[in-house]
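Text of start32.cif (mmCIF, C-alpha atoms) as supplied:
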```
data_final
#
loop_
_atom_site.label_atom_id
_atom_site.label_comp_id
_atom_site.auth_asym_id
_atom_site.auth_seq_id
_atom_site.Cartn_x
_atom_site.Cartn_y
_atom_site.Cartn_z
CA MET A 1 -68.95 92.90 -66.85
CA ARG A 2 -69.13 95.86 -69.23
CA VAL A 3 -65.74 96.25 -70.89
CA ILE A 4 -64.44 98.83 -73.36
CA GLY A 5 -61.71 97.68 -75.75
CA LEU A 6 -59.50 100.38 -77.31
CA MET A 7 -57.53 99.75 -80.47
CA SER A 8 -55.46 101.68 -82.98
CA GLY A 9 -53.79 99.44 -85.51
CA THR A 10 -50.81 99.70 -87.80
CA SER A 11 -52.67 102.10 -90.07
CA TYR A 12 -52.69 104.59 -87.12
CA ASP A 13 -55.66 106.53 -88.47
CA ALA A 14 -58.09 106.43 -85.52
CA VAL A 15 -58.86 105.06 -82.09
CA ASP A 16 -61.65 102.48 -82.16
CA ALA A 17 -63.56 101.86 -78.94
CA ALA A 18 -65.82 98.81 -78.78
CA ALA A 19 -67.98 98.04 -75.76
CA ALA A 20 -69.10 94.56 -74.78
CA GLU A 21 -70.99 92.79 -72.05
CA LEU A 22 -68.83 89.79 -71.09
CA ARG A 23 -69.57 86.91 -68.75
CA LEU A 24 -68.14 83.49 -67.99
CA ASP A 25 -70.66 80.66 -67.99
CA GLY A 26 -68.76 77.48 -67.13
CA ASP A 27 -66.29 76.87 -69.94
CA THR A 28 -68.06 79.35 -72.24
CA LEU A 29 -67.24 83.04 -72.55
CA ALA A 30 -70.28 85.00 -73.75
CA LEU A 31 -69.82 88.32 -75.55
CA LYS A 32 -72.67 90.70 -76.28
CA PRO A 33 -71.53 93.57 -78.56
CA LEU A 34 -72.76 96.96 -77.38
CA GLY A 35 -71.39 98.95 -80.31
CA MET A 36 -68.35 100.88 -81.43
CA VAL A 37 -67.31 104.50 -81.69
CA SER A 38 -64.30 105.66 -83.68
CA ALA A 39 -62.33 108.86 -83.17
CA PRO A 40 -59.79 109.86 -85.83
CA TYR A 41 -56.45 111.09 -84.59
CA ASP A 42 -56.27 114.82 -85.12
CA GLY A 43 -54.12 115.81 -88.08
CA GLY A 44 -51.23 117.07 -85.99
CA LEU A 45 -51.00 113.93 -83.90
CA ARG A 46 -51.26 111.65 -86.91
CA GLU A 47 -48.49 113.56 -88.69
CA ALA A 48 -46.29 113.47 -85.59
CA LEU A 49 -46.88 109.74 -85.23
CA ALA A 50 -46.13 109.07 -88.89
CA ALA A 51 -42.92 111.08 -88.62
CA ALA A 52 -41.81 109.07 -85.59
CA LEU A 53 -42.28 105.58 -87.00
CA PRO A 54 -39.35 103.43 -88.19
CA PRO A 55 -36.92 103.87 -89.80
CA THR A 56 -36.87 107.43 -88.42
CA ALA A 57 -34.65 108.16 -85.40
CA VAL A 58 -36.72 109.93 -82.74
CA PRO A 59 -35.58 111.88 -79.64
CA LEU A 60 -36.96 110.75 -76.28
CA ALA A 61 -38.71 114.09 -75.86
CA GLU A 62 -40.88 113.26 -78.87
CA VAL A 63 -41.56 109.76 -77.53
CA CYS A 64 -42.77 111.35 -74.29
CA ARG A 65 -45.01 113.79 -76.13
CA LEU A 66 -46.50 111.01 -78.25
CA ASP A 67 -47.06 108.76 -75.23
CA THR A 68 -49.00 111.56 -73.57
CA ARG A 69 -51.00 112.72 -76.59
CA ILE A 70 -51.92 109.17 -77.66
CA GLY A 71 -52.94 108.37 -74.08
CA GLN A 72 -55.16 111.44 -74.06
CA ALA A 73 -56.72 110.46 -77.40
CA PHE A 74 -57.45 106.96 -76.07
CA ALA A 75 -58.88 108.47 -72.89
CA ALA A 76 -61.28 110.68 -74.86
CA ALA A 77 -62.46 107.67 -76.88
CA ALA A 78 -63.02 105.65 -73.70
CA VAL A 79 -65.05 108.43 -72.07
CA ARG A 80 -67.21 108.69 -75.17
CA ALA A 81 -67.71 104.91 -75.37
CA ASP A 82 -68.71 104.73 -71.73
CA ARG A 83 -71.23 107.53 -72.18
CA GLU A 84 -72.68 106.50 -75.56
CA LEU A 85 -72.46 102.70 -75.43
CA CYS A 86 -72.53 101.77 -71.73
CA GLY A 87 -74.72 104.48 -70.23
CA GLY A 88 -71.88 105.44 -67.91
CA ARG A 89 -71.76 101.93 -66.41
CA ALA A 90 -68.55 100.52 -67.89
CA GLU A 91 -66.41 98.59 -65.40
CA LEU A 92 -63.11 98.09 -67.21
CA VAL A 93 -61.11 99.61 -70.06
CA VAL A 94 -58.60 97.60 -72.08
CA SER A 95 -56.13 99.57 -74.17
CA HIS A 96 -53.97 98.08 -76.89
CA GLY A 97 -52.15 101.40 -77.28
CA GLN A 98 -50.37 102.40 -80.46
CA THR A 99 -47.58 100.12 -81.64
CA VAL A 100 -44.58 102.21 -82.63
CA TYR A 101 -41.91 99.52 -82.68
CA HIS A 102 -41.90 95.71 -82.77
CA TRP A 103 -38.30 94.53 -82.37
CA ALA A 104 -38.11 91.41 -84.55
CA GLU A 105 -34.76 90.00 -85.67
CA ASP A 106 -33.67 86.59 -86.94
CA GLY A 107 -37.10 85.06 -86.43
CA ARG A 108 -37.37 86.20 -82.80
CA VAL A 109 -39.09 89.13 -81.15
CA HIS A 110 -36.88 90.80 -78.56
CA GLY A 111 -39.23 93.59 -77.48
CA THR A 112 -42.30 95.59 -78.38
CA LEU A 113 -43.38 99.15 -77.66
CA GLN A 114 -46.91 100.51 -77.55
CA LEU A 115 -47.48 104.16 -76.63
CA GLY A 116 -50.56 105.68 -75.01
CA GLN A 117 -50.04 106.15 -71.27
CA PRO A 118 -52.92 104.31 -69.52
CA ALA A 119 -52.90 106.70 -66.56
CA TRP A 120 -54.68 109.27 -68.75
CA ILE A 121 -57.43 106.73 -69.48
CA ALA A 122 -57.84 105.77 -65.81
CA GLU A 123 -57.92 109.42 -64.76
CA ALA A 124 -60.48 110.43 -67.40
CA THR A 125 -62.82 107.47 -66.91
CA GLY A 126 -62.23 106.61 -63.26
CA LEU A 127 -62.02 102.97 -64.35
CA PRO A 128 -59.24 100.39 -64.04
CA VAL A 129 -57.27 99.97 -67.26
CA VAL A 130 -55.49 96.90 -68.62
CA ALA A 131 -52.72 97.94 -71.01
CA ASP A 132 -49.35 96.86 -72.44
CA LEU A 133 -50.71 93.43 -73.31
CA ARG A 134 -48.04 92.27 -75.77
CA ALA A 135 -44.93 92.51 -73.59
CA ARG A 136 -45.64 89.52 -71.34
CA ASP A 137 -45.91 87.11 -74.26
CA VAL A 138 -42.62 88.44 -75.65
CA ALA A 139 -40.98 87.99 -72.25
CA ALA A 140 -42.20 84.37 -72.30
CA GLY A 141 -40.41 83.80 -75.61
CA GLY A 142 -43.38 84.53 -77.87
CA GLN A 143 -43.81 86.76 -80.88
CA GLY A 144 -46.29 89.02 -79.08
CA ALA A 145 -48.48 88.71 -82.17
CA PRO A 146 -50.99 87.97 -83.49
CA LEU A 147 -52.27 88.60 -79.98
CA VAL A 148 -55.94 88.07 -80.88
CA SER A 149 -55.28 84.45 -81.87
CA LEU A 150 -56.65 83.00 -78.61
CA VAL A 151 -59.91 84.90 -79.13
CA ASP A 152 -60.11 83.58 -82.69
CA LEU A 153 -59.55 80.01 -81.49
CA LEU A 154 -62.34 80.29 -78.91
CA TRP A 155 -64.67 82.04 -81.35
CA LEU A 156 -64.30 79.63 -84.27
CA ARG A 157 -64.26 76.42 -82.25
CA GLY A 158 -66.90 74.00 -83.46
CA ARG A 159 -67.26 75.40 -86.97
CA PRO A 160 -66.98 72.67 -89.62
CA GLY A 161 -63.88 72.20 -91.72
CA THR A 162 -60.87 74.47 -91.24
CA PRO A 163 -62.15 78.02 -90.68
CA VAL A 164 -59.41 80.66 -90.71
CA ALA A 165 -59.73 84.07 -89.08
CA LEU A 166 -58.05 86.76 -91.16
CA ASN A 167 -57.44 90.34 -90.09
CA ILE A 168 -56.37 92.83 -92.76
CA GLY A 169 -55.00 95.91 -91.05
CA GLY A 170 -51.75 97.62 -91.87
CA ILE A 171 -50.27 94.15 -91.44
CA ALA A 172 -52.39 91.08 -92.23
CA ASN A 173 -52.53 88.10 -89.87
CA LEU A 174 -54.41 84.84 -89.62
CA THR A 175 -55.33 82.17 -87.09
CA ALA A 176 -56.06 78.53 -87.96
CA PRO A 177 -57.97 76.03 -85.76
CA ASP A 178 -54.83 74.04 -84.90
CA GLY A 179 -53.39 77.14 -83.22
CA THR A 180 -51.16 78.19 -86.10
CA ALA A 181 -51.16 81.99 -86.23
CA PHE A 182 -48.85 84.48 -87.90
CA ASP A 183 -48.52 87.76 -89.74
CA THR A 184 -48.79 87.04 -93.44
CA GLY A 185 -47.07 90.30 -94.42
CA PRO A 186 -48.44 93.68 -95.50
CA GLY A 187 -52.16 94.21 -95.44
CA CYS A 188 -52.70 97.90 -96.18
CA ALA A 189 -49.28 99.13 -95.01
CA LEU A 190 -47.67 99.40 -98.45
CA LEU A 191 -50.91 100.56 -100.06
CA ASP A 192 -51.10 103.42 -97.56
CA ALA A 193 -47.41 104.24 -98.01
CA ALA A 194 -47.79 104.39 -101.78
CA ALA A 195 -50.90 106.57 -101.57
CA ARG A 196 -49.01 109.07 -99.40
CA GLU A 197 -45.91 108.86 -101.58
CA PHE A 198 -47.67 109.55 -104.88
CA SER A 199 -49.93 112.26 -103.46
CA GLY A 200 -47.19 114.12 -101.63
CA GLY A 201 -48.88 113.34 -98.32
CA ARG A 202 -52.32 114.54 -99.41
CA LEU A 203 -53.83 111.03 -99.33
CA ALA A 204 -53.51 108.81 -96.27
CA TYR A 205 -54.79 105.73 -98.12
CA ASP A 206 -56.37 104.55 -101.38
CA ALA A 207 -60.00 105.10 -100.44
CA GLY A 208 -62.18 102.29 -101.76
CA GLY A 209 -59.27 101.04 -103.87
CA ALA A 210 -60.11 103.78 -106.40
CA LEU A 211 -56.52 104.24 -107.59
CA ALA A 212 -55.79 100.52 -107.79
CA ALA A 213 -58.99 99.99 -109.81
CA ARG A 214 -57.61 102.23 -112.57
CA GLY A 215 -54.23 100.53 -112.82
CA LEU A 216 -52.58 97.35 -114.00
CA PRO A 217 -50.09 95.28 -111.96
CA TYR A 218 -46.47 95.76 -113.00
CA ARG A 219 -44.97 92.27 -112.95
CA PRO A 220 -41.28 93.19 -112.49
CA LEU A 221 -42.12 95.14 -109.32
CA LEU A 222 -44.42 92.39 -108.08
CA ASP A 223 -41.69 89.79 -108.57
CA ARG A 224 -39.16 91.90 -106.67
CA LEU A 225 -41.58 92.35 -103.78
CA LEU A 226 -42.51 88.65 -103.68
CA ALA A 227 -38.82 87.82 -103.25
CA GLU A 228 -38.97 89.31 -99.71
CA PRO A 229 -37.41 86.67 -97.37
CA TYR A 230 -40.09 87.18 -94.71
CA TYR A 231 -42.65 85.24 -96.72
CA ALA A 232 -40.49 82.09 -96.64
CA LEU A 233 -40.11 82.06 -92.85
CA GLU A 234 -41.98 79.35 -90.95
CA PRO A 235 -44.57 80.38 -88.34
CA PRO A 236 -44.81 81.57 -85.69
CA LYS A 237 -43.58 84.83 -87.18
CA THR A 238 -44.49 88.48 -86.98
CA THR A 239 -43.60 91.66 -88.81
CA GLY A 240 -44.59 95.30 -89.01
CA LYS A 241 -43.89 98.71 -90.46
CA GLU A 242 -40.33 98.33 -89.25
CA LEU A 243 -39.98 96.35 -92.50
CA PHE A 244 -42.88 97.40 -94.72
CA HIS A 245 -42.66 101.19 -95.02
CA ALA A 246 -42.24 103.88 -97.68
CA GLY A 247 -38.47 103.43 -97.80
CA TYR A 248 -38.97 99.74 -98.51
CA LEU A 249 -41.13 100.67 -101.49
CA ARG A 250 -38.64 103.19 -102.80
CA ALA A 251 -35.87 100.61 -102.56
CA ALA A 252 -38.01 98.16 -104.57
CA GLY A 253 -38.25 100.72 -107.37
CA LEU A 254 -41.30 102.84 -108.12
CA ASP A 255 -39.59 105.05 -110.69
CA GLY A 256 -41.67 105.52 -113.82
CA LEU A 257 -44.81 103.87 -112.42
CA SER A 258 -48.09 105.72 -112.26
CA ALA A 259 -49.97 105.81 -108.97
CA PRO A 260 -52.74 103.50 -110.30
CA ASP A 261 -50.26 100.89 -111.57
CA ALA A 262 -48.27 100.99 -108.33
CA LEU A 263 -51.43 100.59 -106.22
CA ALA A 264 -52.69 97.78 -108.47
CA THR A 265 -49.36 95.99 -108.03
CA LEU A 266 -49.40 96.38 -104.24
CA THR A 267 -53.02 95.27 -104.01
CA LEU A 268 -52.09 92.09 -105.88
CA LEU A 269 -49.08 91.64 -103.58
CA THR A 270 -51.28 91.72 -100.48
CA ALA A 271 -53.89 89.42 -102.01
CA ARG A 272 -51.26 86.96 -103.28
CA THR A 273 -49.32 86.71 -100.00
CA VAL A 274 -52.49 86.45 -97.90
CA ALA A 275 -53.91 83.77 -100.20
CA GLU A 276 -50.72 81.71 -100.10
CA ALA A 277 -50.76 81.87 -96.30
CA VAL A 278 -54.43 80.86 -96.20
CA ARG A 279 -53.80 77.87 -98.47
CA SER A 280 -50.78 76.83 -96.39
CA VAL A 281 -53.02 76.06 -93.40
CA GLY A 282 -55.62 74.15 -95.43
CA ALA A 283 -58.42 76.68 -94.99
CA THR A 284 -61.93 75.70 -96.04
CA GLU A 285 -63.36 79.15 -95.30
CA VAL A 286 -61.97 82.59 -94.46
CA ILE A 287 -63.62 84.97 -92.01
CA ALA A 288 -62.11 88.40 -92.55
CA SER A 289 -62.07 91.58 -90.50
CA GLY A 290 -60.11 94.81 -90.31
CA GLY A 291 -59.89 97.97 -92.36
CA GLY A 292 -58.79 96.10 -95.48
CA THR A 293 -62.28 94.60 -95.80
CA ARG A 294 -63.50 98.10 -96.72
CA ASN A 295 -61.33 98.05 -99.86
CA PRO A 296 -63.52 96.31 -102.46
CA VAL A 297 -60.67 96.00 -104.98
CA LEU A 298 -58.50 94.18 -102.45
CA VAL A 299 -61.36 91.93 -101.33
CA ARG A 300 -62.24 91.09 -104.94
CA GLU A 301 -58.63 90.25 -105.76
CA LEU A 302 -58.33 88.10 -102.66
CA GLY A 303 -61.42 86.20 -103.79
CA HIS A 304 -59.79 85.62 -107.19
CA GLN A 305 -56.71 84.26 -105.43
CA LEU A 306 -58.79 81.85 -103.33
CA PRO A 307 -61.07 80.04 -105.79
CA GLY A 308 -63.38 77.57 -104.09
CA ILE A 309 -62.72 78.94 -100.58
CA PRO A 310 -65.64 81.01 -99.23
CA LEU A 311 -64.58 84.49 -98.12
CA ARG A 312 -66.90 86.21 -95.67
CA THR A 313 -66.57 88.96 -93.11
CA SER A 314 -66.81 88.63 -89.35
CA ASP A 315 -70.09 90.57 -89.50
CA GLU A 316 -71.77 87.34 -90.58
CA LEU A 317 -70.71 85.76 -87.28
CA GLY A 318 -71.83 88.68 -85.15
CA LEU A 319 -68.64 90.75 -84.81
CA PRO A 320 -68.52 93.90 -86.97
CA ALA A 321 -65.40 93.73 -89.15
CA PRO A 322 -64.12 97.23 -88.28
CA ALA A 323 -64.49 96.55 -84.53
CA LYS A 324 -63.42 92.94 -84.27
CA GLU A 325 -59.93 93.60 -82.92
CA ALA A 326 -61.21 96.12 -80.37
CA TYR A 327 -63.69 93.49 -79.16
CA ALA A 328 -60.86 90.94 -79.02
CA PHE A 329 -58.79 93.19 -76.77
CA ALA A 330 -61.82 93.70 -74.53
CA VAL A 331 -61.88 89.92 -74.14
CA LEU A 332 -58.14 89.74 -73.39
CA GLY A 333 -58.42 92.38 -70.68
CA PHE A 334 -61.44 90.61 -69.20
CA LEU A 335 -59.38 87.43 -68.99
CA THR A 336 -56.54 89.35 -67.32
CA VAL A 337 -58.62 90.75 -64.46
CA HIS A 338 -60.02 87.26 -63.86
CA GLY A 339 -56.50 85.83 -63.61
CA LEU A 340 -56.81 83.85 -66.85
CA PRO A 341 -54.21 83.50 -69.63
CA GLY A 342 -54.75 85.41 -72.86
CA THR A 343 -52.37 83.50 -75.12
CA ASP A 344 -52.02 80.10 -76.72
CA PRO A 345 -48.35 79.11 -77.07
CA ARG A 346 -49.11 77.30 -80.33
CA SER A 347 -49.94 80.68 -81.85
CA THR A 348 -47.17 82.93 -80.56
CA GLY A 349 -44.40 80.41 -79.89
CA ALA A 350 -44.17 81.33 -76.21
CA ARG A 351 -42.95 78.86 -73.60
CA ARG A 352 -46.23 79.03 -71.69
CA PRO A 353 -49.62 80.76 -71.66
CA SER A 354 -49.52 84.18 -69.99
CA VAL A 355 -51.89 86.43 -68.11
CA LEU A 356 -51.39 89.59 -70.14
CA GLY A 357 -50.76 93.23 -69.42
CA SER A 358 -50.45 95.63 -66.54
CA VAL A 359 -53.38 97.04 -64.58
CA THR A 360 -53.72 100.73 -63.70
CA PRO A 361 -56.18 101.25 -60.83
CA GLY A 362 -59.26 103.37 -61.28
CA ARG A 363 -60.44 106.28 -59.17
CA ASP A 364 -61.71 103.99 -56.41
CA GLY A 365 -58.63 101.82 -56.23
CA LEU A 366 -58.29 98.32 -57.58
CA ARG A 367 -60.94 95.71 -56.87
CA LEU A 368 -60.39 92.68 -59.07
CA PRO A 369 -63.08 90.02 -59.47
CA PRO A 370 -62.36 86.61 -57.95
CA ALA A 371 -59.81 84.61 -59.93
CA GLN A 372 -61.32 81.88 -62.10
CA ARG A 373 -59.95 78.33 -62.16
CA GLY A 374 -61.65 77.13 -65.31
CA VAL A 375 -60.27 78.35 -68.61
CA PRO A 376 -62.92 79.06 -71.27
CA VAL A 377 -62.84 76.78 -74.30
CA ARG A 378 -65.29 78.64 -76.52
CA LEU A 379 -66.53 82.15 -77.21
CA VAL A 380 -70.18 82.74 -78.06
CA VAL A 381 -71.32 86.03 -79.58
CA GLU A 382 -74.83 86.94 -78.45
CA ALA A 383 -77.20 89.23 -80.29
#
```
What is this file in structure tokens?
Amino acid sequence: MRVIGLMSGTSYDAVDAAAAELRLDGDTLALKPLGMVSAPYDGGLREALAAALPPTAVPLAEVCRLDTRIGQAFAAAAVRADRELCGGRAELVVSHGQTVYHWAEDGRVHGTLQLGQPAWIAEATGLPVVADLRARDVAAGGQGAPLVSLVDLLWLRGRPGTPVALNIGGIANLTAPDGTAFDTGPGCALLDAAAREFSGGRLAYDAGGALAARGLPYRPLLDRLLAEPYYALEPPKTTGKELFHAGYLRAAGLDGLSAPDALATLTLLTARTVAEAVRSVGATEVIASGGGTRNPVLVRELGHQLPGIPLRTSDELGLPAPAKEAYAFAVLGFLTVHGLPGTDPRSTGARRPSVLGSVTPGRDGLRLPPAQRGVPVRLVVEA
């Protein structure tokens, strides 16, 4: 089955569309990457989305507009992916949507909201769409994140030692072979917030870590940030920009700091908290993906924080680092239409595994493949 996975992460800068050929072969799920296209949100939509994120109060009219405009942006990316990567022969689209709120309190997740109305995708492509994948795990008592942990467990099974999958997006998360999975804290979220803050909105992020490379960490600020109670919580746990946003930075105290010193401090914060999380699960290697892998200063600092633990990107195992999460959601949607669960309760804390998401029929109605009885135990990436 040719499947398109659509993803826009907590950095909300673009819609990534990854296409894959997926098939079940006994207890093995085979994935052949077909490529990725990426479509940046237009400036107006990105600004509107940024203005609507917590802790801002937003009227329902704006929520409706965002749900529509994000859905249309995802639809355009899916049409392009089908045309350019699948030759017009895609059979399913899986949309993560855009997370705008993850309701976490007192160690529990009570709800989650992703915008990007899937009807626009189904109408534009004519294909069935699996969307709203997080809510079912939350309803089953889980954290709803990291939702790609099952894919990581299947993908890394059989590697020697204790390989850990690490994704560095706006929020960083990891998955260990024993099923432990959690958000470690900010990936690029605070880096992006500081870049916007110091540039008056001119910069969306610290491209290539250029600002951080010119600065020195400011220890008093780093110590205040490391005192954040979230880091001491036991997994499973999840967080988001509901906590780690520009107001959080201002409250921590940026007065008097230069942009380079602030970015150097926040880069060290991300590297330190990720490294501590990696060590806590006994990792013998780290396989990283996500936008943070394109920041050489962050990657170098993470390497310094993890002496003796090899740090490589998912590209070395066949999944391009920028597209890995989009491929993972393609897998989750594929499992859904085959009636198979897309979660591991060890990772999210849910009461049971769940078949994820809701399905929007395509132009020709809904024709699901036969349900599968056997659950895959490994994922193989084919060249």
Problem - For Ala90 in chain A: contacts at 10 Å, only C-alpha atoms, fewer than 3 positions along chain excluded, given as a ChimeraX atom specification - result: /A:1-4,19-21,78-79,81-83,85-87,93,125-127
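In this structure, CA of Ala246 in chain A sits 22.8 Å away from CA of Val299 in chain A.
Evaluating the PyMOL selection byres ((chain A and resi 45) around 10) against the shown model yields Asp13, Pro40, Tyr41, Asp42, Gly43, Gly44, Arg46, Glu47, Ala48, Leu49, Ala50, Ala51, Arg65, Leu66, Arg69, Ile70 and Ala73 of chain A.
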Fill in the blank from the handout: Nearest to Ala288 in chain A, restricted to only C-alpha atoms and choosing among A:Val138, A:Val164, A:Leu268, A:Leu24, comes out as A:Val164
Handout entry: the PyMOL selection byres ((chain A and resi 35) around 6) applied to the shown file, residues as a PyMOL selection string
Key = chain A and resi 18-19+33-34+36
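Among A:Glu242, A:Glu62, A:Glu234, A:Asp106, the residue with the shortest atom-to-atom distance to Ala189 in chain A, counting only C-alpha atoms, is A:Glu242.
For the set A:Glu197, A:Glu84, A:Asp206, A:Glu285, the residue with the smallest atom-to-atom gap to Asp255 in chain A is A:Glu197, counting all atoms listed in the file.
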Practice task
Taking the file as shown, find all residues satisfying the PyMOL selection byres ((chain A and resi 295) around 9) and write them as a ChimeraX atom specification.
Solution key: /A:206-210,291-294,296-300
Next, write the just-selected residues to a file, as a PDB file, in the frame of the given file, keeping C-alpha atoms as the atom set.
```
ATOM      1  CA  ASP A 206     -56.370 104.550-101.380  1.00  0.00           C
ATOM      2  CA  ALA A 207     -60.000 105.100-100.440  1.00  0.00           C
ATOM      3  CA  GLY A 208     -62.180 102.290-101.760  1.00  0.00           C
ATOM      4  CA  GLY A 209     -59.270 101.040-103.870  1.00  0.00           C
ATOM      5  CA  ALA A 210     -60.110 103.780-106.400  1.00  0.00           C
ATOM      6  CA  GLY A 291     -59.890  97.970 -92.360  1.00  0.00           C
ATOM      7  CA  GLY A 292     -58.790  96.100 -95.480  1.00  0.00           C
ATOM      8  CA  THR A 293     -62.280  94.600 -95.800  1.00  0.00           C
ATOM      9  CA  ARG A 294     -63.500  98.100 -96.720  1.00  0.00           C
ATOM     10  CA  PRO A 296     -63.520  96.310-102.460  1.00  0.00           C
ATOM     11  CA  VAL A 297     -60.670  96.000-104.980  1.00  0.00           C
ATOM     12  CA  LEU A 298     -58.500  94.180-102.450  1.00  0.00           C
ATOM     13  CA  VAL A 299     -61.360  91.930-101.330  1.00  0.00           C
ATOM     14  CA  ARG A 300     -62.240  91.090-104.940  1.00  0.00           C
TER      15      ARG A 300
END
```
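Using all atoms listed in the file, the nearest neighbour of Pro260 in chain A within the list A:Val130, A:Arg108, A:Pro217, A:Ile287 is A:Pro217.
Nearest to Leu174 in chain A of all the residues A:Ala232, A:Leu92, A:Val286, A:Ala104 is A:Val286, based on all atoms listed in the file.
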Practice task
Enter the distance from CA of Thr175 in chain A to CA of Ala39 in chain A, in Å, rounded to one decimal.
Solution key: 27.9 Å
Handout entry: Nearest-residue call for Ile309 in chain A, choices A:Arg23, A:Arg89, A:Arg279, A:Lys324, using all atoms listed in the file
Key = A:Arg279
